[in-house]
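> Take a look at my_file09.txt, compact mmCIF, C-alpha atoms and all ligand atoms:
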# COMPACT_ATOMS: atom_id res chain seq x y z
CA MET A 1 35.57 33.27 77.44
CA LYS A 2 33.66 36.27 78.83
CA THR A 3 31.48 38.12 76.32
CA PRO A 4 30.87 41.88 76.68
CA ARG A 5 27.61 42.80 78.43
CA LYS A 6 24.84 43.47 75.93
CA ARG A 7 21.19 44.56 75.96
CA VAL A 8 19.30 41.65 74.47
CA LEU A 9 15.66 41.46 73.42
CA VAL A 10 13.94 38.06 73.40
CA THR A 11 10.49 37.99 71.79
CA GLY A 12 8.40 35.08 73.01
CA GLY A 13 10.50 35.22 76.19
CA ALA A 14 7.85 33.57 78.39
CA GLY A 15 7.61 30.53 76.11
CA PHE A 16 9.38 27.20 76.27
CA LEU A 17 12.56 28.07 74.35
CA GLY A 18 12.38 31.80 75.17
CA SER A 19 12.46 31.27 78.94
CA HIS A 20 15.52 29.01 78.69
CA LEU A 21 17.21 31.54 76.41
CA CYS A 22 16.55 34.40 78.88
CA GLU A 23 18.01 32.28 81.66
CA ARG A 24 21.15 31.54 79.65
CA LEU A 25 21.63 35.18 78.58
CA LEU A 26 21.32 36.37 82.20
CA LYS A 27 23.81 33.72 83.25
CA ASP A 28 26.19 35.05 80.58
CA GLY A 29 25.92 38.51 82.18
CA HIS A 30 23.64 40.32 79.74
CA ASP A 31 20.69 42.67 80.27
CA VAL A 32 17.59 40.86 79.06
CA LEU A 33 14.31 42.35 77.92
CA ALA A 34 11.67 39.71 77.22
CA VAL A 35 8.43 40.56 75.42
CA ASP A 36 5.48 38.21 75.23
CA ASN A 37 1.71 38.43 74.79
CA TYR A 38 1.27 35.19 76.79
CA PHE A 39 -0.64 33.45 74.00
CA THR A 40 1.17 30.19 74.73
CA GLY A 41 3.82 31.49 77.12
CA ARG A 42 3.33 31.50 80.87
CA ARG A 43 4.52 33.74 83.68
CA ASP A 44 5.39 30.55 85.58
CA ASN A 45 8.15 29.95 83.02
CA ILE A 46 9.96 33.13 84.01
CA LEU A 47 8.80 33.56 87.62
CA HIS A 48 12.24 32.60 88.90
CA LEU A 49 13.82 35.37 86.79
CA LEU A 50 11.58 38.24 87.88
CA ASP A 51 13.82 39.24 90.79
CA ALA A 52 16.97 39.27 88.67
CA PRO A 53 18.12 42.92 88.45
CA ARG A 54 19.04 42.64 84.77
CA PHE A 55 15.77 41.01 83.67
CA GLU A 56 12.65 42.77 82.49
CA ILE A 57 9.48 41.44 80.86
CA VAL A 58 6.89 43.46 78.98
CA ARG A 59 3.47 42.30 77.81
CA HIS A 60 3.56 43.14 74.13
CA ASP A 61 2.24 41.71 70.87
CA VAL A 62 4.96 41.68 68.20
CA THR A 63 2.44 42.40 65.46
CA PHE A 64 2.67 45.99 66.80
CA PRO A 65 5.87 48.02 66.54
CA LEU A 66 8.21 48.11 69.51
CA TYR A 67 10.57 50.98 70.33
CA VAL A 68 13.45 49.92 72.57
CA GLU A 69 17.24 50.27 72.55
CA VAL A 70 18.97 46.90 72.25
CA ASP A 71 22.12 45.36 70.76
CA GLU A 72 20.71 41.95 69.82
CA ILE A 73 17.26 40.56 69.08
CA TYR A 74 16.19 36.92 69.24
CA ASN A 75 12.83 36.69 67.46
CA LEU A 76 11.04 33.67 68.93
CA ALA A 77 7.49 34.98 69.26
CA CYS A 78 5.13 32.58 67.49
CA PRO A 79 3.00 29.66 68.66
CA ALA A 80 4.97 26.55 67.77
CA SER A 81 2.69 23.54 68.13
CA PRO A 82 -0.05 22.65 65.62
CA VAL A 83 -2.90 22.86 68.19
CA HIS A 84 -1.88 26.40 69.05
CA TYR A 85 -0.91 27.72 65.64
CA GLN A 86 -4.05 26.27 64.03
CA PHE A 87 -6.29 27.83 66.69
CA ASP A 88 -6.13 31.21 64.89
CA PRO A 89 -4.28 30.56 61.63
CA VAL A 90 -4.64 34.10 60.31
CA GLN A 91 -3.01 35.44 63.45
CA THR A 92 -0.24 32.83 63.12
CA THR A 93 0.74 34.07 59.68
CA LYS A 94 0.48 37.63 60.96
CA VAL A 95 2.76 36.94 63.94
CA SER A 96 5.38 35.39 61.67
CA VAL A 97 5.23 37.98 58.91
CA VAL A 98 4.28 41.24 60.63
CA GLY A 99 6.28 40.23 63.72
CA ALA A 100 9.34 39.72 61.53
CA ILE A 101 8.82 43.08 59.81
CA ASN A 102 8.55 44.83 63.17
CA MET A 103 11.65 43.17 64.59
CA LEU A 104 13.65 43.77 61.41
CA GLY A 105 12.50 47.41 61.44
CA LEU A 106 13.64 47.71 65.04
CA ALA A 107 17.00 46.06 64.24
CA LYS A 108 17.48 48.48 61.37
CA ARG A 109 16.69 51.53 63.53
CA VAL A 110 18.98 50.60 66.41
CA LYS A 111 21.58 48.71 64.32
CA ALA A 112 21.06 45.47 66.24
CA LYS A 113 21.86 41.94 65.14
CA VAL A 114 18.67 39.93 64.73
CA LEU A 115 18.16 36.16 64.90
CA GLN A 116 15.09 34.46 63.53
CA ALA A 117 13.79 31.26 65.10
CA SER A 118 12.80 29.53 61.89
CA THR A 119 11.77 25.92 61.70
CA SER A 120 12.24 22.58 60.03
CA GLU A 121 8.61 23.05 58.94
CA VAL A 122 9.91 25.24 56.10
CA TYR A 123 10.84 21.89 54.50
CA GLY A 124 7.19 20.71 54.69
CA ASP A 125 6.78 16.98 54.09
CA PRO A 126 10.32 16.58 52.73
CA THR A 127 11.38 14.46 49.79
CA VAL A 128 15.07 14.76 50.75
CA HIS A 129 16.56 13.00 53.80
CA PRO A 130 18.18 14.20 55.91
CA GLN A 131 17.22 17.80 55.13
CA THR A 132 20.07 20.08 54.10
CA GLU A 133 19.69 23.85 54.13
CA ASP A 134 19.66 24.08 50.33
CA TYR A 135 16.59 21.82 50.07
CA ARG A 136 13.72 24.13 49.17
CA GLY A 137 10.98 22.14 50.77
CA SER A 138 7.63 20.64 49.96
CA VAL A 139 4.91 22.60 51.71
CA ASN A 140 1.20 22.26 50.97
CA ILE A 141 0.49 25.96 50.44
CA ILE A 142 -3.22 25.65 51.22
CA GLY A 143 -3.13 22.98 53.91
CA PRO A 144 -3.87 23.44 57.63
CA ARG A 145 -0.17 23.69 58.52
CA ALA A 146 0.54 26.37 55.91
CA CYS A 147 -0.25 29.31 58.23
CA TYR A 148 2.84 28.34 60.19
CA ASP A 149 5.04 26.87 57.46
CA GLU A 150 4.45 29.64 54.93
CA GLY A 151 4.53 32.32 57.63
CA LYS A 152 7.98 31.13 58.66
CA ARG A 153 9.10 30.85 55.03
CA CYS A 154 8.01 34.42 54.36
CA ALA A 155 9.80 35.56 57.53
CA GLU A 156 13.01 34.05 56.17
CA THR A 157 12.46 35.88 52.88
CA LEU A 158 12.06 39.13 54.79
CA PHE A 159 15.24 38.51 56.75
CA PHE A 160 17.24 38.00 53.58
CA ASP A 161 15.64 41.00 51.85
CA TYR A 162 16.50 43.22 54.82
CA ARG A 163 20.02 41.88 54.54
CA ARG A 164 20.27 42.66 50.82
CA GLN A 165 18.42 45.95 51.00
CA HIS A 166 19.59 47.36 54.33
CA LYS A 167 22.79 45.38 55.09
CA LEU A 168 21.30 44.14 58.34
CA GLY A 169 23.19 41.64 60.53
CA ILE A 170 20.79 38.72 60.26
CA LYS A 171 20.96 35.15 61.56
CA VAL A 172 18.45 32.46 60.62
CA VAL A 173 18.34 29.14 62.44
CA ARG A 174 16.00 26.34 61.39
CA ILE A 175 14.98 24.58 64.57
CA PHE A 176 14.08 20.90 64.54
CA ASN A 177 12.00 19.23 67.28
CA THR A 178 13.22 20.37 70.66
CA TYR A 179 12.02 19.15 74.03
CA GLY A 180 12.64 19.79 77.69
CA PRO A 181 11.19 21.28 80.87
CA ARG A 182 8.59 24.09 80.39
CA MET A 183 7.09 22.63 77.24
CA HIS A 184 3.37 23.29 77.38
CA PRO A 185 1.65 20.22 78.89
CA ASN A 186 -1.36 20.37 76.52
CA ASP A 187 0.14 21.46 73.23
CA GLY A 188 -0.02 18.09 71.52
CA ARG A 189 3.71 17.85 70.89
CA VAL A 190 4.81 14.27 70.96
CA VAL A 191 7.32 14.27 73.82
CA SER A 192 5.11 16.22 76.23
CA ASN A 193 2.04 14.23 75.16
CA PHE A 194 3.66 10.87 75.77
CA ILE A 195 5.17 11.94 79.11
CA VAL A 196 1.92 13.42 80.46
CA GLN A 197 -0.05 10.37 79.30
CA ALA A 198 2.50 8.00 80.86
CA LEU A 199 2.60 9.88 84.17
CA GLN A 200 -1.20 9.87 84.36
CA GLY A 201 -1.50 6.20 83.41
CA GLN A 202 -3.54 7.12 80.32
CA ASP A 203 -3.24 5.40 76.93
CA ILE A 204 -0.28 6.67 74.90
CA THR A 205 -1.64 7.81 71.55
CA ILE A 206 0.52 7.24 68.52
CA PHE A 207 -0.66 8.72 65.24
CA GLY A 208 -0.35 6.20 62.41
CA ASP A 209 1.70 3.04 62.79
CA GLY A 210 4.40 4.73 64.90
CA LEU A 211 7.11 4.00 62.36
CA GLN A 212 7.30 7.67 61.31
CA THR A 213 10.51 9.14 62.69
CA ARG A 214 11.52 12.36 64.41
CA ALA A 215 14.79 13.52 65.88
CA PHE A 216 14.71 15.25 69.27
CA CYS A 217 17.11 17.86 70.59
CA TYR A 218 17.31 18.73 74.27
CA VAL A 219 16.59 22.40 75.01
CA ASP A 220 20.02 23.24 76.53
CA ASP A 221 21.74 22.08 73.35
CA MET A 222 19.38 24.17 71.22
CA ILE A 223 19.95 27.33 73.29
CA ASP A 224 23.70 26.80 72.97
CA GLY A 225 23.23 26.71 69.20
CA PHE A 226 21.34 30.06 69.29
CA ILE A 227 24.09 31.70 71.33
CA ARG A 228 26.82 30.41 69.03
CA MET A 229 24.93 31.58 65.98
CA MET A 230 24.40 35.07 67.38
CA ALA A 231 28.12 35.29 68.20
CA THR A 232 29.19 34.69 64.58
CA GLY A 233 30.54 37.46 62.38
CA ASP A 234 28.43 39.52 60.01
CA GLU A 235 29.20 37.25 57.06
CA ILE A 236 27.34 34.32 58.67
CA THR A 237 23.62 34.63 58.03
CA GLY A 238 22.42 31.03 57.81
CA PRO A 239 20.00 29.49 57.34
CA ILE A 240 21.54 26.85 59.57
CA ASN A 241 19.79 23.71 60.75
CA LEU A 242 19.86 23.10 64.50
CA GLY A 243 18.59 19.79 65.77
CA ASN A 244 19.55 16.32 66.77
CA PRO A 245 20.37 14.11 63.78
CA THR A 246 19.58 10.86 65.61
CA GLU A 247 16.27 9.67 64.19
CA MET A 248 13.89 7.51 66.14
CA PRO A 249 10.49 5.99 65.36
CA MET A 250 7.62 7.26 67.52
CA LEU A 251 6.95 3.77 68.76
CA ARG A 252 10.46 3.55 70.22
CA LEU A 253 10.12 6.97 71.85
CA ALA A 254 6.88 5.81 73.52
CA GLU A 255 8.63 2.68 74.77
CA ARG A 256 11.56 4.72 76.21
CA ILE A 257 9.13 7.00 78.05
CA LEU A 258 7.17 4.03 79.40
CA SER A 259 10.39 2.53 80.67
CA LEU A 260 11.76 5.76 82.24
CA THR A 261 8.45 6.60 83.97
CA GLY A 262 7.75 2.99 84.98
CA SER A 263 4.22 3.60 83.66
CA LYS A 264 1.73 0.84 82.86
CA SER A 265 0.03 2.90 80.11
CA ARG A 266 -0.97 1.08 76.91
CA ILE A 267 0.10 2.24 73.44
CA VAL A 268 -2.88 2.92 71.13
CA HIS A 269 -2.89 4.02 67.49
CA ARG A 270 -4.93 6.88 65.92
CA PRO A 271 -5.16 8.07 62.27
CA LEU A 272 -2.31 10.28 61.06
CA PRO A 273 -3.28 14.00 60.83
CA MET A 274 -3.28 15.69 57.41
CA ASP A 275 0.15 16.74 56.05
CA ASP A 276 2.00 15.20 59.00
CA PRO A 277 5.56 14.61 57.76
CA VAL A 278 6.56 10.95 57.66
CA GLN A 279 10.22 11.57 58.34
CA ARG A 280 12.11 14.57 59.65
CA CYS A 281 15.82 14.68 60.34
CA PRO A 282 18.33 17.51 60.15
CA ASP A 283 21.61 17.46 58.31
CA ILE A 284 23.75 19.46 60.76
CA ALA A 285 27.04 19.44 58.81
CA LYS A 286 26.80 23.23 58.45
CA ALA A 287 26.20 23.79 62.18
CA ARG A 288 29.16 21.54 62.97
CA ALA A 289 31.45 23.35 60.52
CA VAL A 290 30.34 26.96 61.06
CA LEU A 291 29.39 26.94 64.74
CA GLY A 292 31.35 23.97 66.05
CA TRP A 293 27.98 22.86 67.42
CA GLU A 294 26.29 19.53 67.88
CA PRO A 295 23.87 18.21 70.48
CA ASN A 296 25.47 16.64 73.55
CA VAL A 297 22.63 15.64 75.85
CA PRO A 298 21.71 11.94 75.43
CA LEU A 299 18.00 11.26 74.91
CA ASP A 300 17.54 9.32 78.15
CA ASP A 301 19.12 12.16 80.19
CA GLY A 302 16.97 14.78 78.51
CA LEU A 303 13.84 12.67 78.92
CA THR A 304 14.61 12.06 82.59
CA ARG A 305 14.88 15.84 83.24
CA THR A 306 11.70 16.49 81.28
CA ILE A 307 9.80 13.74 83.08
CA ALA A 308 10.87 15.23 86.45
CA TYR A 309 9.50 18.62 85.35
CA PHE A 310 6.11 17.25 84.26
CA ASP A 311 5.89 15.06 87.33
CA GLN A 312 6.30 18.15 89.54
CA LEU A 313 3.89 20.19 87.39
CA LEU A 314 1.17 17.53 87.54
CA ARG A 315 1.55 17.26 91.32
CA GLU A 316 1.07 21.04 91.65
CA LYS A 317 -1.69 21.35 89.07
CA PRO A 318 -3.21 18.02 88.12
CA ALA A 319 -4.22 18.16 84.42
CA PRO A 320 -8.02 18.23 83.83
N1 LIG B 1 10.17 23.94 70.20
C1 LIG B 1 10.41 23.49 68.98
O1 LIG B 1 10.60 22.28 68.79
C2 LIG B 1 10.50 24.43 67.82
C3 LIG B 1 10.75 23.90 66.55
C4 LIG B 1 10.84 24.76 65.47
C5 LIG B 1 10.71 26.12 65.64
N2 LIG B 1 10.46 26.62 66.88
C6 LIG B 1 10.30 28.08 66.99
O2 LIG B 1 10.88 28.57 68.18
C7 LIG B 1 10.09 29.65 68.70
C8 LIG B 1 9.75 29.34 70.15
O3 LIG B 1 8.99 28.14 70.20
P1 LIG B 1 8.57 27.44 71.58
O4 LIG B 1 8.66 25.99 71.38
O5 LIG B 1 9.28 28.07 72.69
O6 LIG B 1 7.02 27.79 71.59
P2 LIG B 1 6.13 28.53 72.68
O7 LIG B 1 4.75 28.53 72.18
O8 LIG B 1 6.40 27.97 74.03
O9 LIG B 1 6.73 30.00 72.66
C9 LIG B 1 6.29 31.02 71.79
C10 LIG B 1 6.13 32.27 72.62
O10 LIG B 1 5.72 33.34 71.75
C11 LIG B 1 4.68 34.06 72.40
N3 LIG B 1 3.88 34.74 71.38
C12 LIG B 1 3.03 34.20 70.48
N4 LIG B 1 2.48 35.16 69.72
C13 LIG B 1 3.02 36.34 70.15
C14 LIG B 1 2.83 37.67 69.78
N5 LIG B 1 1.99 38.03 68.78
N6 LIG B 1 3.52 38.64 70.43
C15 LIG B 1 4.37 38.31 71.45
N7 LIG B 1 4.57 37.05 71.86
C16 LIG B 1 3.90 36.06 71.21
C17 LIG B 1 3.90 33.00 73.16
O11 LIG B 1 3.09 33.54 74.17
C18 LIG B 1 5.05 32.14 73.69
O12 LIG B 1 5.54 32.62 74.92
C19 LIG B 1 8.88 29.78 67.80
O13 LIG B 1 9.10 30.83 66.90
C20 LIG B 1 8.83 28.47 67.06
O14 LIG B 1 8.26 28.60 65.79
C21 LIG B 1 10.34 25.81 67.97
Translate this structure into structure tokens?


Amino acid sequence: MKTPRKRVLVTGGAGFLGSHLCERLLKDGHDVLAVDNYFTGRRDNILHLLDAPRFEIVRHDVTFPLYVEVDEIYNLACPASPVHYQFDPVQTTKVSVVGAINMLGLAKRVKAKVLQASTSEVYGDPTVHPQTEDYRGSVNIIGPRACYDEGKRCAETLFFDYRRQHKLGIKVVRIFNTYGPRMHPNDGRVVSNFIVQALQGQDITIFGDGLQTRAFCYVDDMIDGFIRMMATGDEITGPINLGNPTEMPMLRLAERILSLTGSKSRIVHRPLPMDDPVQRCPDIAKARAVLGWEPNVPLDDGLTRTIAYFDQLLREKPAP
């Protein structure tokens, strides 16, 4: 079904998820304005879009107000991996909170729908498995991950207050681990880490015993979830979990990557970082019921595409 052409703002548009979202929105026939301060995003991620007549990118920090005319806003701007968000934790909270206020203010002024890229980290180190949206979470308020977790929690609060106070059309999705091409090669996220280590023949580092589980969603599936969520009527606000409910221990992920890359790397174990969740898995019953959404890309297919991307990247720019 063809959707009417819209002017869509994507904050964090040069990042991993943002660049895929811009691509999809352009493919769907929309005008896309990406904004990014390039903290973790890269021009390389959107280089192939720069010639598209309906694409525009502006260097802008979302902690400052933005005045543009748009119909929809996807608010993705925020460093997403612990190495990056812990680099300047005060700024991380600021990006989440002040960034949300600025985007909500913009949405209010121009009467746009606004979607917040929230996170499974709002559940902290969960005591409920799998995590349903009504679980309120278990975050260490003063721990090293709190700048991100609490920043994102406060952003959700702001979204719902703007809804109650100003009747804004809000959408909140809680994103669980997502992987795919254009992930940052050095951001310490497990899929990219393992792939880069395997391709370079380095030891694969597993934190802890490797029995802790995660569930990985391929980027195309995640972007499809965003688009479906944005397309819902005003009564649908979320929060809605988006992620792959198939859990797997880190040790098994490492073994799959070794097998798919044909690498001879060894698996080595390192101590678990502070507040690292032991288990993380979405309950996606709500996404299935409300959005008719569930992930479709099998792990091996997604890993194969991601490995091909990193292989190419490392050939062009060998990692230090
Ligand atoms: N990838 C995942 O598994 C995952 C999981 C949960 C939540 N999320 C959320 O999705 C969003 C996108 O994550 P990603 O994986 O693409 O990460 P990413 O780091 O690749 O993208 C974030 C983008 O935001 C930009 N940015 C950071 N601070 C900014 C600022 N002050 N002003 C403007 N731009 C700024 C960065 O330069 C980058 O391009 C984030 O909000 C993240 O919290 C991602």

> Within 12 Å of Met250 in chain A, counting all atoms listed in the file, which residues qualify if same-chain residues fewer than 5 places away don't, as an mmCIF file with C-alpha atoms, keeping the file's coordinate frame?


data_model
loop_
_atom_site.group_PDB
_atom_site.id
_atom_site.type_symbol
_atom_site.label_atom_id
_atom_site.label_comp_id
_atom_site.auth_asym_id
_atom_site.auth_seq_id
_atom_site.Cartn_x
_atom_site.Cartn_y
_atom_site.Cartn_z
ATOM 1 C CA ARG A 189 3.710 17.850 70.890
ATOM 2 C CA VAL A 190 4.810 14.270 70.960
ATOM 3 C CA VAL A 191 7.320 14.270 73.820
ATOM 4 C CA ASN A 193 2.040 14.230 75.160
ATOM 5 C CA PHE A 194 3.660 10.870 75.770
ATOM 6 C CA ILE A 204 -0.280 6.670 74.900
ATOM 7 C CA THR A 205 -1.640 7.810 71.550
ATOM 8 C CA ILE A 206 0.520 7.240 68.520
ATOM 9 C CA PHE A 207 -0.660 8.720 65.240
ATOM 10 C CA GLY A 208 -0.350 6.200 62.410
ATOM 11 C CA ASP A 209 1.700 3.040 62.790
ATOM 12 C CA GLY A 210 4.400 4.730 64.900
ATOM 13 C CA LEU A 211 7.110 4.000 62.360
ATOM 14 C CA GLN A 212 7.300 7.670 61.310
ATOM 15 C CA THR A 213 10.510 9.140 62.690
ATOM 16 C CA ARG A 214 11.520 12.360 64.410
ATOM 17 C CA ALA A 215 14.790 13.520 65.880
ATOM 18 C CA PHE A 216 14.710 15.250 69.270
ATOM 19 C CA GLU A 255 8.630 2.680 74.770
ATOM 20 C CA ARG A 256 11.560 4.720 76.210
ATOM 21 C CA ILE A 257 9.130 7.000 78.050
ATOM 22 C CA ILE A 267 0.100 2.240 73.440
ATOM 23 C CA VAL A 268 -2.880 2.920 71.130
ATOM 24 C CA HIS A 269 -2.890 4.020 67.490
ATOM 25 C CA VAL A 278 6.560 10.950 57.660
ATOM 26 C CA GLN A 279 10.220 11.570 58.340
ATOM 27 C CA ARG A 280 12.110 14.570 59.650
#

> Please check which protein, DNA or RNA residues sit within 8 Å of ligand LIG 1 (chain B), counting only C-alpha atoms and all ligand atoms, and write them as an mmCIF file with C-alpha atoms, in the coordinates of the input.


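Wrote it out as pocket-v5.cif, contents follow:
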data_model
loop_
_atom_site.group_PDB
_atom_site.id
_atom_site.type_symbol
_atom_site.label_atom_id
_atom_site.label_comp_id
_atom_site.auth_asym_id
_atom_site.auth_seq_id
_atom_site.Cartn_x
_atom_site.Cartn_y
_atom_site.Cartn_z
ATOM 1 C CA THR A 11 10.490 37.990 71.790
ATOM 2 C CA GLY A 12 8.400 35.080 73.010
ATOM 3 C CA GLY A 13 10.500 35.220 76.190
ATOM 4 C CA ALA A 14 7.850 33.570 78.390
ATOM 5 C CA GLY A 15 7.610 30.530 76.110
ATOM 6 C CA PHE A 16 9.380 27.200 76.270
ATOM 7 C CA LEU A 17 12.560 28.070 74.350
ATOM 8 C CA GLY A 18 12.380 31.800 75.170
ATOM 9 C CA SER A 19 12.460 31.270 78.940
ATOM 10 C CA VAL A 35 8.430 40.560 75.420
ATOM 11 C CA ASP A 36 5.480 38.210 75.230
ATOM 12 C CA ASN A 37 1.710 38.430 74.790
ATOM 13 C CA TYR A 38 1.270 35.190 76.790
ATOM 14 C CA PHE A 39 -0.640 33.450 74.000
ATOM 15 C CA THR A 40 1.170 30.190 74.730
ATOM 16 C CA GLY A 41 3.820 31.490 77.120
ATOM 17 C CA ARG A 42 3.330 31.500 80.870
ATOM 18 C CA ARG A 59 3.470 42.300 77.810
ATOM 19 C CA HIS A 60 3.560 43.140 74.130
ATOM 20 C CA ASP A 61 2.240 41.710 70.870
ATOM 21 C CA VAL A 62 4.960 41.680 68.200
ATOM 22 C CA THR A 63 2.440 42.400 65.460
ATOM 23 C CA ASN A 75 12.830 36.690 67.460
ATOM 24 C CA LEU A 76 11.040 33.670 68.930
ATOM 25 C CA ALA A 77 7.490 34.980 69.260
ATOM 26 C CA CYS A 78 5.130 32.580 67.490
ATOM 27 C CA PRO A 79 3.000 29.660 68.660
ATOM 28 C CA ALA A 80 4.970 26.550 67.770
ATOM 29 C CA SER A 81 2.690 23.540 68.130
ATOM 30 C CA HIS A 84 -1.880 26.400 69.050
ATOM 31 C CA GLN A 91 -3.010 35.440 63.450
ATOM 32 C CA THR A 92 -0.240 32.830 63.120
ATOM 33 C CA LYS A 94 0.480 37.630 60.960
ATOM 34 C CA VAL A 95 2.760 36.940 63.940
ATOM 35 C CA SER A 96 5.380 35.390 61.670
ATOM 36 C CA GLY A 99 6.280 40.230 63.720
ATOM 37 C CA GLN A 116 15.090 34.460 63.530
ATOM 38 C CA ALA A 117 13.790 31.260 65.100
ATOM 39 C CA SER A 118 12.800 29.530 61.890
ATOM 40 C CA THR A 119 11.770 25.920 61.700
ATOM 41 C CA SER A 120 12.240 22.580 60.030
ATOM 42 C CA GLU A 121 8.610 23.050 58.940
ATOM 43 C CA TYR A 148 2.840 28.340 60.190
ATOM 44 C CA LYS A 152 7.980 31.130 58.660
ATOM 45 C CA ARG A 174 16.000 26.340 61.390
ATOM 46 C CA ILE A 175 14.980 24.580 64.570
ATOM 47 C CA PHE A 176 14.080 20.900 64.540
ATOM 48 C CA ASN A 177 12.000 19.230 67.280
ATOM 49 C CA THR A 178 13.220 20.370 70.660
ATOM 50 C CA TYR A 179 12.020 19.150 74.030
ATOM 51 C CA ARG A 182 8.590 24.090 80.390
ATOM 52 C CA MET A 183 7.090 22.630 77.240
ATOM 53 C CA HIS A 184 3.370 23.290 77.380
#

> My list of candidates is A:Arg43, A:Arg266, A:Arg54, A:Arg145. Which is closest to Arg5 in chain A when distances are computed with only C-alpha atoms?

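Of A:Arg43, A:Arg266, A:Arg54, A:Arg145, the one nearest Arg5 in chain A is A:Arg54, counting only C-alpha atoms.
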
> For a quick check of your reading of the model, name the residues lying within 9 Å of the coordinate (20.1, 23.0, 78.6), counting all atoms listed in the file, and write them as a list in words.

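Within 9 Å of (20.1, 23.0, 78.6), the protein and nucleic acid residues are His20, Arg24, Gly180, Tyr218, Val219, Asp220, Asp221, Met222, Ile223, Asp224, Val297 and Gly302 of chain A.
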
> I need the residue nearest Ala107 in chain A from this list: A:Gly169, A:Pro273, A:Pro53, A:Pro65. Use all atoms listed in the file for the distance.

A:Gly169
